[in-house]
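Presented below is the structure to which this report refers.
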Amino acid sequence: MIYPAKVLVAWAEAIGGNAAIRDWLLRNGYKELGLFVYAIYLQDDSRDWLMKNGYPHLMATIRGAEGDANAVKWLNAHGYQPLAKVALVGDGDDDALQWLKTNGHGELAIVAMRIRTVKDRIELDNQDHHKFNPNS
């Protein structure tokens with residue numbers, strides 16, 4: 001998984017909510033990164049597409065960021081250590097963030113922090129919707 005630095009930064013922007021950049025990724029040879037954005041926002045068809053089209057490592061990154069330790073183990077076992085660290089950062093691991101920075105993966109550190117922000121926002125939204133409401 002080798003992408004130019006500017007594509008990784010664009011990916012981070014798309015994860016953060018920039019729909020124009022997400023659509024650019026989809027149209028310009030980075031469909032998997034554009035669909036990753038949809039998948040991180042819990043869209044099952046995009047998650048399925050990643051798995052069926054040769055990008056299980058991207059889906060494992062999402063699953064790892066969602067707290068799935070087996071996904072992180074799978075990434076490490078299949079030679080995706082930087083993505084394993086991205087997943088860990090997404091799940092709140094600051095040591096993994098430092099590893100990315102120290103080992104020359106600054107752009108992936110940016111991606112990882114965007115994933116963390118999105119994942120945390122989704123979790124907060126889900127908690128808000130599951131609060132007890134005596135009037136409902």
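Labels used: A, B, ... for chains in the order of the structure tokens, numbers from 1 for residues in each chain, and numbers from 1 for ligands as shown.
Using only C-alpha atoms, the contacts of Tyr80 (chain A) at a cut-off of 10 Å, with sequence neighbours closer than 3 positions omitted, comprise Met1, His57, Leu58, Ala60, Thr61, Val72, Lys73, Trp74, Leu75, Asn76, Ala77, Leu83, Ala84, Lys85 and Val86 of chain A.
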Hey, could you make a per-residue contact list for region 6-31 of chain A against region 107-125 of chain A with 12 Å as the cut-off, showing the nearest pair of atoms and its distance in Å to one decimal, counting only C-alpha atoms, sorted by chain and number, as a tab-separated table?
```
residue	atom	partner	partner_atom	distance
A:Lys6	CA	A:Glu107	CA	8.5
A:Val7	CA	A:Glu107	CA	9.2
A:Leu8	CA	A:Glu107	CA	6.0
A:Val9	CA	A:Glu107	CA	6.1
A:Ala10	CA	A:Val111	CA	9.1
A:Trp11	CA	A:Val111	CA	7.0
A:Ala12	CA	A:Val111	CA	4.5
A:Glu13	CA	A:Arg114	CA	7.8
A:Ala14	CA	A:Arg114	CA	9.1
A:Ile15	CA	A:Arg114	CA	6.2
A:Gly16	CA	A:Arg114	CA	5.7
A:Gly17	CA	A:Val118	CA	8.8
A:Asn18	CA	A:Arg114	CA	11.5
```
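CA of Val89 (chain A) to CA of Ala65 (chain A) spans 7.1 Å [interatomic distance, one decimal].
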Please give the complete set of residues from region 10-81 of chain A that DSSP, run on the backbone, assigns to alpha helix (DSSP H), formatted as an MDAnalysis selection string. chainID A and resid 10:15 19:27 31:40 44:52 56:65 69:77 81
Output N, CA and C atoms of each residue in that selection to a file, as a compact mmCIF listing (two decimals), in the first residue's frame.
```txt
# COMPACT_ATOMS: atom_id res chain seq x y z
N ALA A 10 -4.88 14.06 1.37
CA ALA A 10 -6.23 14.20 0.82
C ALA A 10 -7.18 13.19 1.46
N TRP A 11 -6.71 11.98 1.66
CA TRP A 11 -7.50 10.94 2.30
C TRP A 11 -7.91 11.39 3.71
N ALA A 12 -6.96 11.95 4.44
CA ALA A 12 -7.26 12.46 5.78
C ALA A 12 -8.34 13.53 5.73
N GLU A 13 -8.23 14.43 4.76
CA GLU A 13 -9.23 15.49 4.61
C GLU A 13 -10.61 14.90 4.30
N ALA A 14 -10.62 13.88 3.44
CA ALA A 14 -11.89 13.23 3.09
C ALA A 14 -12.49 12.54 4.31
N ILE A 15 -11.67 11.88 5.10
CA ILE A 15 -12.15 11.23 6.32
C ILE A 15 -12.75 12.28 7.25
N ALA A 19 -16.23 16.31 1.38
CA ALA A 19 -16.89 15.48 0.36
C ALA A 19 -16.28 15.69 -1.02
N ALA A 20 -15.84 16.89 -1.33
CA ALA A 20 -15.25 17.15 -2.65
C ALA A 20 -13.98 16.34 -2.82
N ILE A 21 -13.16 16.26 -1.80
CA ILE A 21 -11.93 15.48 -1.90
C ILE A 21 -12.25 13.99 -1.92
N ARG A 22 -13.23 13.57 -1.12
CA ARG A 22 -13.65 12.16 -1.17
C ARG A 22 -14.07 11.79 -2.58
N ASP A 23 -14.86 12.63 -3.21
CA ASP A 23 -15.32 12.35 -4.57
C ASP A 23 -14.16 12.37 -5.56
N TRP A 24 -13.18 13.26 -5.35
CA TRP A 24 -11.99 13.28 -6.20
C TRP A 24 -11.24 11.95 -6.09
N LEU A 25 -11.09 11.45 -4.86
CA LEU A 25 -10.43 10.16 -4.68
C LEU A 25 -11.16 9.06 -5.45
N LEU A 26 -12.47 9.06 -5.35
CA LEU A 26 -13.29 8.05 -6.04
C LEU A 26 -13.10 8.09 -7.55
N ARG A 27 -12.96 9.27 -8.11
CA ARG A 27 -12.89 9.44 -9.57
C ARG A 27 -11.48 9.39 -10.15
N LYS A 31 -10.31 4.75 -5.62
CA LYS A 31 -11.66 4.38 -5.23
C LYS A 31 -11.70 3.75 -3.84
N GLU A 32 -10.68 2.93 -3.54
CA GLU A 32 -10.65 2.26 -2.24
C GLU A 32 -10.55 3.26 -1.09
N LEU A 33 -9.84 4.36 -1.30
CA LEU A 33 -9.72 5.37 -0.24
C LEU A 33 -11.02 6.15 -0.09
N GLY A 34 -11.68 6.43 -1.22
CA GLY A 34 -12.96 7.10 -1.15
C GLY A 34 -14.02 6.24 -0.47
N LEU A 35 -14.02 4.95 -0.80
CA LEU A 35 -15.00 4.05 -0.18
C LEU A 35 -14.66 3.79 1.28
N PHE A 36 -13.38 3.85 1.64
CA PHE A 36 -12.98 3.77 3.04
C PHE A 36 -13.70 4.85 3.85
N VAL A 37 -13.81 6.04 3.27
CA VAL A 37 -14.47 7.14 3.96
C VAL A 37 -15.92 6.77 4.26
N TYR A 38 -16.61 6.23 3.27
CA TYR A 38 -17.98 5.80 3.51
C TYR A 38 -18.03 4.68 4.56
N ALA A 39 -17.07 3.78 4.48
CA ALA A 39 -17.03 2.63 5.40
C ALA A 39 -16.79 3.08 6.84
N ILE A 40 -15.94 4.07 7.04
CA ILE A 40 -15.67 4.54 8.40
C ILE A 40 -16.93 5.15 9.01
N ASP A 44 -22.46 -0.13 5.20
CA ASP A 44 -22.17 -1.54 4.98
C ASP A 44 -21.78 -1.89 3.55
N ASP A 45 -22.41 -1.25 2.56
CA ASP A 45 -22.07 -1.58 1.17
C ASP A 45 -20.62 -1.22 0.86
N SER A 46 -20.12 -0.16 1.43
CA SER A 46 -18.72 0.21 1.22
C SER A 46 -17.80 -0.75 1.95
N ARG A 47 -18.19 -1.18 3.13
CA ARG A 47 -17.40 -2.18 3.87
C ARG A 47 -17.33 -3.48 3.07
N ASP A 48 -18.46 -3.88 2.52
CA ASP A 48 -18.49 -5.09 1.69
C ASP A 48 -17.60 -4.93 0.46
N TRP A 49 -17.65 -3.77 -0.19
CA TRP A 49 -16.84 -3.54 -1.38
C TRP A 49 -15.36 -3.68 -1.05
N LEU A 50 -14.92 -3.10 0.04
CA LEU A 50 -13.51 -3.20 0.42
C LEU A 50 -13.09 -4.67 0.56
N MET A 51 -13.93 -5.45 1.20
CA MET A 51 -13.60 -6.87 1.41
C MET A 51 -13.61 -7.66 0.10
N LYS A 52 -14.54 -7.38 -0.77
CA LYS A 52 -14.69 -8.16 -2.00
C LYS A 52 -13.74 -7.73 -3.11
N PRO A 56 -8.91 -5.94 2.13
CA PRO A 56 -9.26 -6.34 3.50
C PRO A 56 -8.41 -5.60 4.54
N HIS A 57 -7.23 -5.16 4.14
CA HIS A 57 -6.36 -4.41 5.07
C HIS A 57 -6.98 -3.07 5.44
N LEU A 58 -7.69 -2.45 4.50
CA LEU A 58 -8.36 -1.19 4.83
C LEU A 58 -9.55 -1.44 5.76
N MET A 59 -10.28 -2.52 5.50
CA MET A 59 -11.41 -2.84 6.39
C MET A 59 -10.89 -3.24 7.76
N ALA A 60 -9.78 -3.95 7.82
CA ALA A 60 -9.19 -4.33 9.11
C ALA A 60 -8.74 -3.09 9.88
N THR A 61 -8.29 -2.07 9.16
CA THR A 61 -7.91 -0.81 9.82
C THR A 61 -9.12 -0.19 10.49
N ILE A 62 -10.24 -0.17 9.80
CA ILE A 62 -11.47 0.36 10.39
C ILE A 62 -11.88 -0.47 11.60
N ARG A 63 -11.89 -1.79 11.42
CA ARG A 63 -12.31 -2.67 12.53
C ARG A 63 -11.38 -2.50 13.74
N GLY A 64 -10.10 -2.36 13.48
CA GLY A 64 -9.16 -2.14 14.57
C GLY A 64 -9.42 -0.83 15.29
N ALA A 65 -9.73 0.21 14.53
CA ALA A 65 -10.04 1.50 15.13
C ALA A 65 -11.33 1.42 15.95
N ALA A 69 -9.40 -6.17 18.40
CA ALA A 69 -8.00 -6.55 18.57
C ALA A 69 -7.56 -7.59 17.53
N ASN A 70 -8.48 -8.45 17.11
CA ASN A 70 -8.12 -9.45 16.09
C ASN A 70 -7.80 -8.81 14.76
N ALA A 71 -8.45 -7.71 14.44
CA ALA A 71 -8.15 -7.00 13.19
C ALA A 71 -6.74 -6.43 13.24
N VAL A 72 -6.35 -5.90 14.39
CA VAL A 72 -4.99 -5.35 14.54
C VAL A 72 -3.97 -6.48 14.43
N LYS A 73 -4.26 -7.61 15.05
CA LYS A 73 -3.36 -8.78 14.95
C LYS A 73 -3.23 -9.21 13.49
N TRP A 74 -4.34 -9.23 12.77
CA TRP A 74 -4.33 -9.63 11.36
C TRP A 74 -3.45 -8.68 10.55
N LEU A 75 -3.59 -7.38 10.78
CA LEU A 75 -2.77 -6.40 10.06
C LEU A 75 -1.29 -6.65 10.32
N ASN A 76 -0.92 -6.85 11.57
CA ASN A 76 0.48 -7.12 11.90
C ASN A 76 0.97 -8.41 11.26
N ALA A 77 0.15 -9.45 11.30
CA ALA A 77 0.54 -10.76 10.76
C ALA A 77 0.70 -10.73 9.24
N GLN A 81 2.06 -3.33 9.39
CA GLN A 81 2.31 -2.73 10.70
C GLN A 81 1.91 -1.26 10.77
```
Please compute the CA of Tyr3 (chain A)-CA of Ala96 (chain A) distance, one decimal, in Å. 20.4 Å
d(CA of Ile2 (chain A), CA of Leu97 (chain A)) in Å: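 Rounded to one decimal, the two atoms are 19.2 Å apart.
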